[in-house]
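Text of final_24.cif, listed as mmCIF, C-alpha atoms:
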data_query
#
loop_
_atom_site.group_PDB
_atom_site.id
_atom_site.type_symbol
_atom_site.label_atom_id
_atom_site.label_comp_id
_atom_site.auth_asym_id
_atom_site.auth_seq_id
_atom_site.Cartn_x
_atom_site.Cartn_y
_atom_site.Cartn_z
ATOM 1 C CA MET H 943 100.517 82.171 119.387
ATOM 2 C CA PRO H 944 101.028 80.829 115.864
ATOM 3 C CA LEU H 945 99.423 82.584 112.906
ATOM 4 C CA TYR H 946 98.043 80.522 110.050
ATOM 5 C CA GLU H 947 97.346 82.281 106.758
ATOM 6 C CA CYS H 948 94.426 81.003 104.682
ATOM 7 C CA ASN H 949 92.978 81.909 101.323
ATOM 8 C CA GLU H 950 89.279 82.822 101.128
ATOM 9 C CA ASN H 951 88.118 79.287 100.353
ATOM 10 C CA GLN H 952 90.190 77.755 103.128
ATOM 11 C CA PHE H 953 89.027 80.345 105.645
ATOM 12 C CA VAL H 954 85.324 79.848 104.877
ATOM 13 C CA GLU H 955 85.714 76.059 104.760
ATOM 14 C CA ASN H 956 87.568 76.052 108.118
ATOM 15 C CA ILE H 957 84.720 78.033 109.674
ATOM 16 C CA ARG H 958 82.193 75.557 108.312
ATOM 17 C CA ARG H 959 84.167 72.731 109.945
ATOM 18 C CA VAL H 960 84.321 74.567 113.273
ATOM 19 C CA ILE H 961 80.538 75.081 113.174
ATOM 20 C CA GLU H 962 80.113 71.326 112.621
ATOM 21 C CA SER H 963 82.189 70.664 115.747
ATOM 22 C CA SER H 964 79.846 72.945 117.785
ATOM 23 C CA GLU H 965 82.845 75.010 118.950
ATOM 24 C CA LYS H 966 81.999 78.599 119.967
ATOM 25 C CA PHE H 967 83.951 81.309 118.185
ATOM 26 C CA VAL H 968 83.822 84.845 116.852
ATOM 27 C CA VAL H 969 85.226 86.122 113.562
ATOM 28 C CA ASN H 970 87.152 89.382 113.932
ATOM 29 C CA ARG H 971 87.403 91.814 111.080
ATOM 30 C CA LYS H 972 89.926 94.620 110.891
ATOM 31 C CA ILE H 973 89.741 97.249 108.139
ATOM 32 C CA ASN H 974 92.597 99.738 107.953
ATOM 33 C CA TRP H 975 93.126 102.474 105.443
ATOM 34 C CA HIS H 976 96.675 102.636 103.950
ATOM 35 C CA ASP H 977 98.471 104.957 101.575
ATOM 36 C CA ASP H 978 102.039 103.671 101.782
ATOM 37 C CA ALA H 979 103.005 103.548 98.081
ATOM 38 C CA LYS H 980 102.550 99.772 98.018
ATOM 39 C CA TYR H 981 100.566 100.127 94.776
ATOM 40 C CA GLY H 982 101.527 102.370 91.882
ATOM 41 C CA PRO H 983 100.270 102.653 88.299
ATOM 42 C CA ALA H 984 103.155 100.764 86.633
ATOM 43 C CA THR H 985 102.331 97.482 88.392
ATOM 44 C CA LEU H 986 98.558 97.576 87.904
ATOM 45 C CA PRO H 987 97.128 94.979 85.505
ATOM 46 C CA ASP H 988 95.993 96.408 82.171
ATOM 47 C CA SER H 989 92.280 96.239 83.023
ATOM 48 C CA GLU H 990 92.833 98.341 86.168
ATOM 49 C CA PHE H 991 95.277 100.718 84.452
ATOM 50 C CA GLU H 992 92.637 101.496 81.807
ATOM 51 C CA LYS H 993 90.620 103.331 84.473
ATOM 52 C CA TYR H 994 93.443 105.911 84.530
ATOM 53 C CA ALA H 995 93.953 106.015 80.742
ATOM 54 C CA ILE H 996 92.785 109.657 80.438
ATOM 55 C CA LEU H 997 95.625 110.762 82.729
ATOM 56 C CA PHE H 998 98.365 108.127 82.526
ATOM 57 C CA VAL H 999 100.248 106.482 79.707
ATOM 58 C CA ARG H 1000 102.601 103.473 79.701
ATOM 59 C CA ARG H 1001 103.918 101.096 77.065
ATOM 60 C CA SER H 1002 103.179 97.867 78.954
ATOM 61 C CA LEU H 1003 102.954 96.403 82.443
ATOM 62 C CA ARG H 1004 105.924 97.484 84.621
ATOM 63 C CA SER H 1005 106.951 100.165 82.086
ATOM 64 C CA THR H 1006 107.471 103.762 83.174
ATOM 65 C CA VAL H 1007 104.196 105.656 83.627
ATOM 66 C CA LEU H 1008 103.998 109.284 82.469
ATOM 67 C CA SER H 1009 101.195 111.795 82.815
ATOM 68 C CA ARG H 1010 99.302 112.299 79.566
ATOM 69 C CA VAL H 1011 97.856 115.698 80.579
ATOM 70 C CA PRO H 1012 98.342 118.075 83.518
ATOM 71 C CA PHE H 1013 96.154 117.035 86.457
ATOM 72 C CA VAL H 1014 95.537 117.582 90.146
ATOM 73 C CA ASP H 1015 95.710 114.608 92.497
ATOM 74 C CA ASP H 1016 92.981 115.766 94.866
ATOM 75 C CA PHE H 1017 93.613 112.956 97.362
ATOM 76 C CA HIS H 1018 97.268 113.868 97.951
ATOM 77 C CA LYS H 1019 96.819 117.578 97.131
ATOM 78 C CA ARG H 1020 99.474 117.583 94.389
ATOM 79 C CA MET H 1021 99.591 118.821 90.841
ATOM 80 C CA TYR H 1022 101.392 117.000 88.006
ATOM 81 C CA ASP H 1023 102.458 118.485 84.701
ATOM 82 C CA GLN H 1024 102.188 116.801 81.308
ATOM 83 C CA GLY H 1025 104.930 114.207 80.714
ATOM 84 C CA GLU H 1026 105.864 113.905 84.375
ATOM 85 C CA ASN H 1027 107.290 110.600 85.533
ATOM 86 C CA LEU H 1028 104.716 109.064 87.893
ATOM 87 C CA HIS H 1029 106.186 105.602 88.352
ATOM 88 C CA ALA H 1030 109.600 104.687 86.975
ATOM 89 C CA SER H 1031 110.259 101.176 85.678
ATOM 90 C CA SER H 1032 113.674 101.385 87.350
ATOM 91 C CA ASN H 1033 112.086 102.130 90.734
ATOM 92 C CA LEU H 1034 108.918 100.055 90.885
ATOM 93 C CA LYS H 1035 108.875 99.855 94.685
ATOM 94 C CA PHE H 1036 108.651 103.616 95.065
ATOM 95 C CA PRO H 1037 105.915 105.107 92.859
ATOM 96 C CA ARG H 1038 105.596 108.891 92.876
ATOM 97 C CA ILE H 1039 101.819 108.546 92.851
ATOM 98 C CA SER H 1040 100.390 106.084 95.322
ATOM 99 C CA ILE H 1041 97.057 104.262 95.117
ATOM 100 C CA PRO H 1042 95.342 104.121 98.522
ATOM 101 C CA TYR H 1043 93.707 100.900 99.705
ATOM 102 C CA TYR H 1044 91.906 99.184 102.562
ATOM 103 C CA ARG H 1045 93.709 96.300 104.239
ATOM 104 C CA VAL H 1046 90.984 93.854 105.297
ATOM 105 C CA GLU H 1047 91.806 91.046 107.718
ATOM 106 C CA TYR H 1048 89.396 88.363 108.869
ATOM 107 C CA SER H 1049 90.595 86.155 111.723
ATOM 108 C CA ILE H 1050 89.460 83.564 114.240
ATOM 109 C CA ASN H 1051 91.293 82.461 117.347
ATOM 110 C CA LEU H 1052 91.002 78.775 117.933
ATOM 111 C CA TRP H 1053 92.846 76.244 120.107
ATOM 112 C CA GLY H 1054 95.764 78.596 120.689
ATOM 113 C CA GLY H 1055 96.215 79.565 117.049
ATOM 114 C CA THR H 1056 94.990 82.431 114.874
ATOM 115 C CA TYR H 1057 93.655 81.618 111.427
ATOM 116 C CA PHE H 1058 93.358 84.601 109.121
ATOM 117 C CA PHE H 1059 92.512 85.659 105.596
ATOM 118 C CA ALA H 1060 93.643 89.101 104.415
ATOM 119 C CA PHE H 1061 93.306 91.116 101.244
ATOM 120 C CA ASP H 1062 93.804 94.674 99.990
ATOM 121 C CA ALA H 1063 90.923 96.508 98.297
ATOM 122 C CA LEU H 1064 92.136 99.316 96.044
ATOM 123 C CA PHE H 1065 90.370 102.673 96.002
ATOM 124 C CA ASN H 1066 88.609 103.459 92.720
ATOM 125 C CA PRO H 1067 89.746 106.435 90.656
ATOM 126 C CA GLU H 1068 87.261 109.137 89.711
ATOM 127 C CA ILE H 1069 88.443 111.567 87.033
ATOM 128 C CA LEU H 1070 86.674 114.886 86.595
ATOM 129 C CA MET H 1071 87.214 118.262 84.936
ATOM 130 C CA GLU H 1072 87.100 121.067 87.465
ATOM 131 C CA LYS H 1073 87.915 124.753 87.567
ATOM 132 C CA ARG H 1074 90.794 125.218 89.997
ATOM 133 C CA ARG H 1075 92.789 128.231 91.100
ATOM 134 C CA GLY H 1076 96.417 128.377 92.157
ATOM 135 C CA LYS H 1077 99.913 129.579 91.386
ATOM 136 C CA LEU H 1078 100.123 127.646 88.123
ATOM 137 C CA LEU H 1079 96.441 127.923 87.223
ATOM 138 C CA GLY H 1080 96.001 131.670 87.687
ATOM 139 C CA GLN H 1081 93.780 133.775 89.944
ATOM 140 C CA ASP H 1082 90.699 133.361 87.741
ATOM 141 C CA GLY H 1083 91.203 129.622 87.622
ATOM 142 C CA SER H 1084 91.435 127.157 84.748
ATOM 143 C CA LEU H 1085 89.750 123.921 83.824
ATOM 144 C CA ILE H 1086 91.957 120.956 84.686
ATOM 145 C CA HIS H 1087 91.622 117.202 85.122
ATOM 146 C CA VAL H 1088 91.196 116.196 88.758
ATOM 147 C CA LEU H 1089 91.916 112.697 90.071
ATOM 148 C CA LYS H 1090 89.953 111.617 93.127
ATOM 149 C CA PHE H 1091 90.007 108.273 94.896
ATOM 150 C CA LYS H 1092 86.816 106.692 96.183
ATOM 151 C CA PRO H 1093 86.921 103.867 98.730
ATOM 152 C CA PRO H 1094 85.227 100.626 97.653
ATOM 153 C CA ASP H 1095 81.696 99.961 98.944
ATOM 154 C CA GLU H 1096 81.710 98.265 102.305
ATOM 155 C CA ASN H 1097 79.627 95.344 101.065
ATOM 156 C CA LEU H 1098 82.488 94.473 98.687
ATOM 157 C CA LEU H 1099 84.719 93.960 101.711
ATOM 158 C CA ASN H 1100 82.425 91.251 103.072
ATOM 159 C CA ILE H 1101 83.167 87.586 102.575
ATOM 160 C CA ASN H 1102 80.435 84.979 102.413
ATOM 161 C CA LEU H 1103 80.365 83.283 105.774
ATOM 162 C CA PRO H 1104 77.870 80.612 106.788
ATOM 163 C CA LYS H 1105 74.606 81.918 108.276
ATOM 164 C CA GLY H 1106 74.707 82.725 111.986
ATOM 165 C CA VAL H 1107 78.439 83.501 112.128
ATOM 166 C CA MET H 1108 79.110 86.572 114.256
ATOM 167 C CA VAL H 1109 81.595 89.087 112.856
ATOM 168 C CA PHE H 1110 83.088 91.649 115.242
ATOM 169 C CA ASP H 1111 84.765 94.717 113.793
ATOM 170 C CA VAL H 1112 87.973 95.523 115.654
ATOM 171 C CA LYS H 1113 90.470 98.352 115.437
ATOM 172 C CA ASN H 1114 93.532 96.334 116.285
ATOM 173 C CA MET H 1115 94.740 93.303 118.180
ATOM 174 C CA ILE H 1116 96.787 94.872 120.994
ATOM 175 C CA LYS H 1117 97.887 91.866 122.981
ATOM 176 C CA VAL H 1118 97.599 88.123 122.559
ATOM 177 C CA VAL H 1119 97.223 86.138 125.785
ATOM 178 C CA ASP H 1120 98.690 82.669 125.406
ATOM 179 C CA TYR H 1121 96.654 80.403 127.726
ATOM 180 C CA THR H 1122 98.278 77.241 126.308
ATOM 181 C CA SER H 1123 101.275 77.714 128.623
ATOM 182 C CA ASN H 1124 98.948 77.043 131.615
ATOM 183 C CA PHE H 1125 98.498 73.426 130.589
ATOM 184 C CA MET M 1497 87.290 72.935 82.218
ATOM 185 C CA TYR M 1498 87.931 76.439 80.857
ATOM 186 C CA VAL M 1499 84.962 78.726 81.442
ATOM 187 C CA PRO M 1500 85.212 82.445 80.663
ATOM 188 C CA VAL M 1501 83.902 84.726 83.388
ATOM 189 C CA GLU M 1502 81.387 86.202 80.921
ATOM 190 C CA ARG M 1503 79.608 82.836 80.763
ATOM 191 C CA VAL M 1504 79.415 82.644 84.547
ATOM 192 C CA GLU M 1505 78.098 86.210 84.696
ATOM 193 C CA ALA M 1506 75.477 85.487 82.012
ATOM 194 C CA ASN M 1507 74.390 82.413 83.936
ATOM 195 C CA LEU M 1508 74.081 84.341 87.188
ATOM 196 C CA LEU M 1509 71.846 86.901 85.468
ATOM 197 C CA GLU M 1510 69.726 84.059 84.078
ATOM 198 C CA ILE M 1511 69.093 82.626 87.545
ATOM 199 C CA GLY M 1512 68.052 85.987 88.943
ATOM 200 C CA PHE M 1513 71.241 87.597 90.296
ATOM 201 C CA LEU M 1514 72.078 91.250 89.683
ATOM 202 C CA LEU M 1515 75.529 92.851 89.720
ATOM 203 C CA VAL M 1516 75.602 95.502 92.459
ATOM 204 C CA GLY M 1517 79.269 96.473 92.470
ATOM 205 C CA SER M 1518 82.838 95.515 91.719
ATOM 206 C CA SER M 1519 86.220 96.295 93.147
ATOM 207 C CA THR M 1520 89.854 95.431 92.498
ATOM 208 C CA ILE M 1521 91.459 93.504 95.317
ATOM 209 C CA VAL M 1522 94.874 91.982 95.911
ATOM 210 C CA ALA M 1523 94.965 88.639 97.701
ATOM 211 C CA GLU M 1524 97.682 85.976 97.765
ATOM 212 C CA GLY M 1525 99.892 88.367 95.786
ATOM 213 C CA LYS M 1526 97.496 88.422 92.823
ATOM 214 C CA PHE M 1527 95.097 91.033 91.469
ATOM 215 C CA TRP M 1528 91.423 90.063 91.337
ATOM 216 C CA LYS M 1529 88.272 91.716 90.086
ATOM 217 C CA ARG M 1530 85.750 91.016 92.847
ATOM 218 C CA MET M 1531 82.116 91.331 91.815
ATOM 219 C CA LEU M 1532 79.130 91.262 94.094
ATOM 220 C CA TYR M 1533 75.852 89.698 92.902
ATOM 221 C CA VAL M 1534 72.605 89.668 94.843
ATOM 222 C CA ASN M 1535 69.194 88.098 94.490
ATOM 223 C CA LYS M 1536 66.311 88.164 97.001
ATOM 224 C CA GLU M 1537 67.865 85.749 99.490
ATOM 225 C CA GLU M 1538 71.549 85.546 98.763
ATOM 226 C CA THR M 1539 74.638 87.642 98.143
ATOM 227 C CA ILE M 1540 77.539 86.010 96.340
ATOM 228 C CA SER M 1541 80.934 87.198 95.213
ATOM 229 C CA VAL M 1542 82.706 86.225 92.013
ATOM 230 C CA SER M 1543 86.438 86.885 91.779
ATOM 231 C CA GLU M 1544 88.379 86.773 88.553
ATOM 232 C CA GLU M 1545 92.148 86.950 88.484
ATOM 233 C CA ILE M 1546 93.221 89.925 86.365
ATOM 234 C CA GLY M 1547 96.991 89.792 86.736
ATOM 235 C CA ASP M 1548 99.518 88.925 84.044
ATOM 236 C CA ALA M 1549 100.332 85.434 85.367
ATOM 237 C CA TYR M 1550 99.597 82.592 82.972
ATOM 238 C CA PRO M 1551 98.071 80.090 83.396
ATOM 239 C CA LYS M 1552 95.700 81.718 85.874
ATOM 240 C CA ASP M 1553 95.025 79.550 88.863
ATOM 241 C CA PRO M 1554 92.202 79.620 89.776
ATOM 242 C CA ILE M 1555 90.606 81.753 87.088
ATOM 243 C CA ILE M 1556 87.313 82.262 88.889
ATOM 244 C CA THR M 1557 86.280 81.614 92.455
ATOM 245 C CA ILE M 1558 82.679 81.834 93.618
ATOM 246 C CA CYS M 1559 81.572 81.913 97.220
ATOM 247 C CA GLY M 1560 77.879 81.141 97.473
ATOM 248 C CA SER M 1561 75.374 78.544 98.601
ATOM 249 C CA ARG M 1562 75.609 74.949 97.386
ATOM 250 C CA ASN M 1563 72.440 75.288 95.309
ATOM 251 C CA THR M 1564 73.668 78.432 93.565
ATOM 252 C CA ILE M 1565 77.052 76.938 92.763
ATOM 253 C CA LEU M 1566 75.472 73.727 91.442
ATOM 254 C CA SER M 1567 73.124 75.685 89.180
ATOM 255 C CA VAL M 1568 76.040 77.802 87.887
ATOM 256 C CA ILE M 1569 78.070 74.659 87.128
ATOM 257 C CA GLU M 1570 75.091 73.112 85.318
ATOM 258 C CA GLY M 1571 74.426 76.381 83.481
ATOM 259 C CA VAL M 1572 77.953 76.873 82.145
ATOM 260 C CA LYS M 1573 78.179 73.225 81.016
ATOM 261 C CA ASN M 1574 75.205 73.699 78.654
#
Take the structure in the file and give it back as structure tokens.
Amino acid sequence: MPLYECNENQFVENIRRVIESSEKFVVNRKINWHDDAKYGPATLPDSEFEKYAILFVRRSLRSTVLSRVPFVDDFHKRMYDQGENLHASSNLKFPRISIPYYRVEYSINLWGGTYFFAFDALFNPEILMEKRRGKLLGQDGSLIHVLKFKPPDENLLNINLPKGVMVFDVKNMIKVVDYTSNF
Amino acid sequence: MYVPVERVEANLLEIGFLLVGSSTIVAEGKFWKRMLYVNKEETISVSEEIGDAYPKDPIITICGSRNTILSVIEGVKN
């Protein structure tokens, strides 16, 4: 079964055309959480990097990212010291701190082909000061910056589809049955 | 026609839309700021490319009803 990748405009426009042809169809949506080091701070655009400016420092896009202050990455349960290398410019594919994201895939199966539009929605950072205890922070605890990641609101994962289009949420596509070989 | 996203946003507010949230997404290998606007009947998304590529193509994409898009186009022209 061939897969055809579309951008958002193409995907929505294709659906509009299918509705005009009175063809019956369902749009499937798959949302999976990932934390596979695909995104790190060195490759984020400046406007996104600014959200981390209290904790991270870099000279420019794709430069090495260092920690500005000691902090706890609450999501990955790790602590970083001041001046630690978080994402090396010489190793951009393997950041030491990974930004989690949702992989969102919209697809329709039509006439033996699958048409899909996919995007990644990055988790938003939330930086707080908290009192934490531990080996390095002492038994009584110390105030330290804490980095948390919040998933984006679900309504931001929606795309604008024409009225009346049914969207089914699916976990995964396990098997594709190719009926075209019967003809 | 070059139209900064701020002008589109100002126009959307003028015609009764409110910003309810934004998120950074990656689609087609590019970073986008995706913003969600709602009014009483409609929810639309505005995406602005925020990567380092120049020239940006397209700079802004809006998915919404025909009437909304026409009024935004008219609004940013003036």
For the structure shown, which residues end up in the PyMOL selection byres ((chain H and resi 1074-1084) around 12)? Put them as a list in words, please?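 This file gives the following for the PyMOL selection byres ((chain H and resi 1074-1084) around 12): Pro1012, Phe1013, Val1014, Asp1015, Asp1016, Lys1019, Arg1020, Met1021, Tyr1022, Asp1023, Leu1070, Met1071, Glu1072, Lys1073, Leu1085, Ile1086, His1087 and Val1088 of chain H.
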Written as a list of chain:residue names, which residues does the PyMOL selection byres ((chain M) within 7 of (chain H)) give for the file shown? M:Ser1519, M:Thr1520, M:Ile1521, M:Val1522, M:Ala1523, M:Leu1532, M:Ile1540, M:Ile1546, M:Gly1547, M:Asp1548, M:Cys1559, M:Gly1560
Reference answer for the PyMOL selection byres ((chain H and resi 1113) around 8), as a PDB file with C-alpha atoms, keeping the file's coordinate frame:
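The resulting file, expr.pdb, is reproduced below:
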ATOM      1  CA  LYS H 972      89.926  94.620 110.891  1.00  0.00           C
ATOM      2  CA  ILE H 973      89.741  97.249 108.139  1.00  0.00           C
ATOM      3  CA  ASN H 974      92.597  99.738 107.953  1.00  0.00           C
ATOM      4  CA  ASP H1111      84.765  94.717 113.793  1.00  0.00           C
ATOM      5  CA  VAL H1112      87.973  95.523 115.654  1.00  0.00           C
ATOM      6  CA  ASN H1114      93.532  96.334 116.285  1.00  0.00           C
ATOM      7  CA  MET H1115      94.740  93.303 118.180  1.00  0.00           C
TER       8      MET H1115
END
Quick check, in Å to one decimal: how far apart do CA of Glu1026 (chain H) and CA of Lys1526 (chain M) lie?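 Computing the Euclidean distance for CA of Glu1026 (chain H) and CA of Lys1526 (chain M) yields 28.1 Å.
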Taking into account all atoms listed in the file, which residue in the set H:Thr1056, H:Ser1005, H:Asn1051, H:Gln1024 is nearest to Pro1037 (chain H)?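 Looking at the shortest contact to Pro1037 (chain H), the residue is H:Ser1005.
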Distance in Å - CA of Trp1053 (chain H) versus CA of Met943 (chain H):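 Distance between the two atoms: 9.7 Å.
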